[in-house]
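Trainee: Pasting in a structure now, in structure tokens, and then I'll have a few things to ask.
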Amino acid sequence: MIDTQEFEPIAPDQGPQVRRSLKANPGPADRFFRGAVRGGGVAVLAIMLLVGSFLAYRGWQALHKAGLSFFTTQDWNPDAGRFGIAAVIVGTVLIAVVAIVVAMPLALGMALYISEYAPGRIKSWMTSTVDLMAAVPSVVYGLWAVTLFEWKADSLSKWISDWFGWIPIFKVDGVKRHDPLASMTRYTSSTFIAGIVVGIMVTPIACAIMRQAFSQAPAGEREGAYALGATRWGMIRSVVLPFGQGAIIGGTMLGLGRALGETIAVVMIISPVFQIRLHVLQNGTSSVSSLIALRYGEASPFGISALMAAGLVLFAFTLGVNFVAASIVARSRSGAVSEV
Amino acid sequence: MTTVDTSPATTSTTTSTTAAPPRTTLPPRTPPSGQQARRQLGTLRTTDLLAFFGALAASATMTGLLWTQIAPFTGLVGYVVTTWCLGVLLYAVLTSFDENRPTVWARVAAVIVHSLAALVVAVLAFIVVYTFIKGWKAVVHSNFYTQDMRSTGPRDPLTDGGARHAIVGTLIEVGIALAITVPLGLVTAVFLHEIPGRFSRFVRTVVDAMTALPDVIAGLFIYATLILILGVEQSGLAAATALAVTVLPIIIRASDVVLRLVPGGLTEASYALGSPQWRTVRRVTLPTARAGLATAVILGAARAIGETSPVLLTAGATDHTNTDPVHGPMMSLPLMAYSKIETGQPNEMARGFGAAAVLLVVVLVLFVIGRIIGGRGAGQLTSRQLRRRTAASQRDRRRYDERHIAAAPGNGTHPADTGG
């Protein structure tokens, strides 16, 4: 048996204890370095806050003058005092919703293909393709849409409105359903067309987020599913999709944020109309960013304020969507690895 | 595993007697008799192919029948969509004759995923190829690169006039924008990485928020401040500033991500050797992350070149070549593409597509360069860098040798050779 022996705590030396400083002295060179780098950070912060606060300040002037009617008026006539974003914000949201309805399945399919189905070499090619798609300038998408796609997709619009016109949002005013002689110009420049093009543009953004999350799905759980006899789809459904759930939602929302702010392609496609138009297939719609791009030139100083107010509302939208998306992506299980 | 045999005789396992306790037995190794058929290890079987192509053929013909004989449908898009839907349905039915339900689902899911991916690639290829085809008429003429539009009317042939003003303008605007954003962006990224704390967290949040700023609003901000309040005219400088505001958060964010990938062991080793922070950043962190930082900058540049809406609000538009960024409006490639398409004249539209094609080529080249540089991980060297580093270390060794010989003549062995 071993006796446990208790040690007397040794009393510290009786001499005066000097507390050691834990602060390092970085020296003049490092102090200069830290100061310079911090200066860069402060400069960027200043620029960003300047943009934000200027936007808020000028926008507030118009918002204050218009009051609550800013959110209920459909017209845009700031100098006559009648202006509001009811129509443009509805148009913006509708375009973005159509875009997401298009982009979400495309991005999900592409991400699943890259992470689960594609063989090695094609996988890296596809990844580059998707990234390239994100780098293609939006004006190129706009050119394509306005010279070709718009004139091919109107038959699709007509088909949808012919067969599903009894659903209110697919209704098109002014044409009879199943009328073969209907004027096709009724179907161009619509929310639907703009939404599809914007959807194609935001697909790579959503896809990149989803792909990253899918490829991080733990190998142990994948192999576990296969060992239990799952088919590839069974494995995807029980391992990859639950694992990437956060990324699917978050990536889609990031795409939504981009779709809300998309300008030039929308400007090229739509024909602006300042009334709330819920019929997505019908000619004529509007969006906040296209409103700014079309009206900045002829605007009076107060008109600029009004445009800034509209921009502020749009920014608030995209900001909110982006932050929610980022927090969803961050909170999803990415990074968790099962031990193999 | 095997039971311990207590009997002294170690009988061969192949000639085991019935009296012996159970033990491991090996089957006799006789060569297989008769013709051996090689087993197929692939997962693709003939029936699968038959089911797939059968479903495809059936759906194509059924839709054809529907289109021409039964219902008055029209349009190629509708035909393709209907064929696809019908094909998937038929494929599921055909597979269900041979397979169980999970397999049928797996097959259908595979078809859907593959077709979605193919659709995305097809759309991208179509857009790129379409732009090149439409712009081909304009870009094949050399005057497209050497002339501007100052004396060219909308109806003039494509052998007259070009995009020189837009190309020059794009280079100047993007050059100025990058001259602002690259130093500022990199310094800020280093700040976020090197000086963590509450303040840098706040800066990171604000930068993240600014990536959500729609580009047209950045343009509107510059328009309202620089042009309307400070009285700067619509010019290349204003456009470059607007581009800088748009691209700055993107570059900062990308560089920040890259810097975070630098292995902590490297920087800690540097600190352990006693080097100060600035030297660690200069000699370890930045060189290690160089490839990624270059990619961040190049992709930021590609983004800046393609941005239209900030330029639309701030640059003005002109048909003259303007090399002075401070005075007078300036054209750029995306703006030219946009404004030429709006005219509706066939030749002007061809010029617009030509500008878009040039733009696309520039973006493609930048993208490929960014990929090649960024393909390597942090700290991975190219073969050239590796050769250079080997040569440097051999030089060092020779230097040590010489020093050693000079210090102790007659003793030529290097400490490293004696196991140092």
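Scheme for the structure tokens: letters A, B, ... for chains in order shown; per-chain residue numbers from 1; ligand numbers from 1 in order shown.
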Neighbouring residues of Val175 in chain A were defined as those with any atom within 12 Å, considering only C-alpha atoms; residues of the same chain fewer than 4 positions away were excluded. Please report them as a list of chain:residue names.

Mentor: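 The neighbour list is A:Lys158, A:Ser161, A:Asp162, A:Gly165, A:Lys171, A:Asp179, A:Pro180, A:Leu181, A:Ala182, A:Ser183, A:Met184, A:Thr185, A:Arg186, A:Tyr187, A:Leu281, A:Gln282, A:Asn283.
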
Trainee: Compile a residue-level contact table for range 127-225 of chain B against range 257-280 of chain B at a cut-off of 9 Å, reporting for every qualifying residue the shortest atom pair and its distance in Å to one decimal, with only C-alpha atoms counted, rows ordered by chain and ascending number, as JSON lines.

Mentor:
{"residue": "B:Ala189", "atom": "CA", "partner": "B:Leu259", "partner_atom": "CA", "distance": 7.6}
{"residue": "B:Val190", "atom": "CA", "partner": "B:Leu259", "partner_atom": "CA", "distance": 7.6}
{"residue": "B:His193", "atom": "CA", "partner": "B:Leu259", "partner_atom": "CA", "distance": 6.8}
{"residue": "B:Glu194", "atom": "CA", "partner": "B:Gln277", "partner_atom": "CA", "distance": 8.5}

Trainee: Dump C-alpha atoms for the selected residues as a tab-separated table (two decimals), in the first residue's frame?

Mentor:
chain	number	residue	atom	x	y	z
B	189	ALA	CA	-7.48	42.06	-45.77
B	190	VAL	CA	-4.13	41.97	-43.95
B	193	HIS	CA	-6.28	38.83	-40.63
B	194	GLU	CA	-3.43	40.24	-38.53

Trainee: Could you list, as a PyMOL selection string, every residue within 9 Å of Leu254 in chain A, counting only C-alpha atoms and ignoring same-chain residues fewer than 2 positions away?

Mentor: chain A and resi 202+205-206+209+249-252+256-259+318+321-326

Trainee: Ala306 in chain A: which residues within 6 Å, counting only C-alpha atoms, same-chain residues fewer than 3 positions away excluded, as a PyMOL selection string?

Mentor: chain A and resi 62+303+309

Trainee: Those residues you just picked out, can you put them in a file as a PDB file, in the first residue's frame with C-alpha atoms?

Mentor:
ATOM      1  CA  ALA A  62     -37.429  62.006 -49.740  1.00  0.00           C
ATOM      2  CA  GLY A 303     -35.642  63.315 -57.733  1.00  0.00           C
ATOM      3  CA  ALA A 309     -34.851  56.362 -51.054  1.00  0.00           C
TER       4      ALA A 309
END

Trainee: Rank nothing, just name the residue among A:Pro26, A:Pro218, A:Gly224, A:Gly255 nearest to Ala107 in chain A, using only C-alpha atoms.

Mentor: A:Gly255

Trainee: Compile the contact shell of range 240-251 of chain B as a list in words: residues with an atom at most 7 Å away, counting only C-alpha atoms, same-chain residues fewer than 2 positions apart removed.

Mentor: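 Returned residues: Glu173, Val174, Ile176, Ala177, Ile180, Thr181, Gly185, Val207, Met210, Thr211, Asp215, Ala218, Gly219, Ile222, Gly236, Leu237, Ala238, Arg253, Ala254, Ser255, Ala296, Val297, Gly300, Ala304 and Pro310 of chain B.
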
Trainee: Residues of range 14-198 of chain A classed as strand (DSSP E) by DSSP on the backbone are to be reported as a ChimeraX atom specification.

Mentor: /A:76-77,82-83

Trainee: Kindly export the residues of the current selection with C-alpha atoms, as an mmCIF file, in the first residue's frame.

Mentor:
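Below is the file out_19.cif, written as the result:
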data_model
loop_
_atom_site.group_PDB
_atom_site.id
_atom_site.type_symbol
_atom_site.label_atom_id
_atom_site.label_comp_id
_atom_site.auth_asym_id
_atom_site.auth_seq_id
_atom_site.Cartn_x
_atom_site.Cartn_y
_atom_site.Cartn_z
ATOM 1 C CA TRP A 76 -43.027 57.734 -59.960
ATOM 2 C CA ASN A 77 -43.234 61.486 -60.335
ATOM 3 C CA ARG A 82 -46.529 61.762 -56.269
ATOM 4 C CA PHE A 83 -44.006 58.996 -56.013
#

Trainee: Considering only C-alpha atoms, return as a short mmCIF file (atom, residue, chain, number, x, y, z; two decimals) with N, CA and C atoms, in the first residue's frame whatever protein or nucleic-acid residues lie within 12 Å of Glu298 in chain A, sequence-local ones (same chain, fewer than 4 positions apart) excluded.

Mentor:
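Saved as around_36.cif:
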data_model
loop_
_atom_site.label_atom_id
_atom_site.label_comp_id
_atom_site.auth_asym_id
_atom_site.auth_seq_id
_atom_site.Cartn_x
_atom_site.Cartn_y
_atom_site.Cartn_z
N ASN A 77 -43.27 60.12 -59.83
CA ASN A 77 -43.23 61.49 -60.34
C ASN A 77 -42.83 62.41 -59.19
N PRO A 78 -41.54 62.35 -58.80
CA PRO A 78 -41.12 63.01 -57.57
C PRO A 78 -41.35 64.52 -57.60
N ASP A 79 -41.17 65.15 -58.76
CA ASP A 79 -41.28 66.61 -58.79
C ASP A 79 -42.71 67.07 -58.62
N LEU A 291 -35.37 51.27 -62.40
CA LEU A 291 -35.89 52.62 -62.20
C LEU A 291 -34.75 53.61 -62.04
N ILE A 292 -33.76 53.25 -61.21
CA ILE A 292 -32.62 54.14 -60.99
C ILE A 292 -31.85 54.34 -62.29
N ALA A 293 -31.59 53.23 -63.00
CA ALA A 293 -30.78 53.33 -64.21
C ALA A 293 -31.49 54.15 -65.29
N LEU A 294 -32.82 54.12 -65.31
CA LEU A 294 -33.54 54.83 -66.37
C LEU A 294 -33.84 56.28 -66.01
N PHE A 302 -34.17 66.74 -55.95
CA PHE A 302 -35.11 66.00 -55.11
C PHE A 302 -35.42 64.63 -55.72
N GLY A 303 -35.43 64.60 -57.06
CA GLY A 303 -35.64 63.31 -57.73
C GLY A 303 -34.54 62.33 -57.39
N ILE A 304 -33.30 62.86 -57.30
CA ILE A 304 -32.18 61.99 -56.92
C ILE A 304 -32.41 61.45 -55.51
N LEU A 307 -34.86 58.73 -55.75
CA LEU A 307 -34.22 57.51 -56.25
C LEU A 307 -33.39 56.85 -55.15
N LEU B 313 -24.10 55.23 -65.20
CA LEU B 313 -24.51 56.44 -64.49
C LEU B 313 -23.41 57.49 -64.43
#

Trainee: Show me, as a ChimeraX atom specification, the residues that have an atom within 12 Å of Ile305 in chain B when counting only C-alpha atoms, minus same-chain residues fewer than 2 positions from it.

Mentor: /A:135-139 /B:166-167,169-178,239-240,243-244,246-247,298-303,307-311,332-335,356,358-364,366-367

Trainee: Assign secondary structure with DSSP using the backbone only, and return the residues of range 116-321 of chain A in alpha helix (DSSP H) as an NGL selection string.

Mentor: :A and (120-135 or 138-144 or 150-164 or 191-215 or 219-227 or 232-235 or 241-243 or 245-261 or 264-269 or 288-295 or 301-321)

Trainee: Which of these, B:Leu184, B:Val123, B:Leu293, B:Leu116, has the shortest distance to Ala145 in chain A once you count only C-alpha atoms?

Mentor: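 Checking each of B:Leu184, B:Val123, B:Leu293, B:Leu116 against Ala145 in chain A, counting only C-alpha atoms, the winner is B:Val123.
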
Trainee: Which is closer to Ile160 in chain A than all the others in A:Ile89, A:Val280, A:Leu260, A:Val273, using only C-alpha atoms?

Mentor: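 Looking at the shortest contact to Ile160 in chain A, the residue is A:Val280.
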
Trainee: CA of Thr188 in chain A and CA of Gly135 in chain B are how many Å apart?

Mentor: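 According to the coordinates, CA of Thr188 in chain A and CA of Gly135 in chain B are separated by 23.9 Å.
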
Trainee: In Å, rounded to a single decimal, give me how far CA of Ile127 in chain B is from CA of Met349 in chain B.

Mentor: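 Straight-line distance from CA of Met349 in chain B to CA of Ile127 in chain B works out to 15.9 Å.
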
Trainee: Just checking: using only C-alpha atoms, which residue out of B:Tyr130, B:Gly354, B:Val368, B:Arg39 ends up closest to Phe149 in chain A?

Mentor: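 Checking each of B:Tyr130, B:Gly354, B:Val368, B:Arg39 against Phe149 in chain A, counting only C-alpha atoms, the winner is B:Tyr130.
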
Trainee: B:Ser96, B:Thr390, B:Gln40, B:Ser59: which is nearest Tyr79 in chain B, counting only C-alpha atoms?

Mentor: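 Using only C-alpha atoms, Tyr79 in chain B sits closest to B:Ser59.
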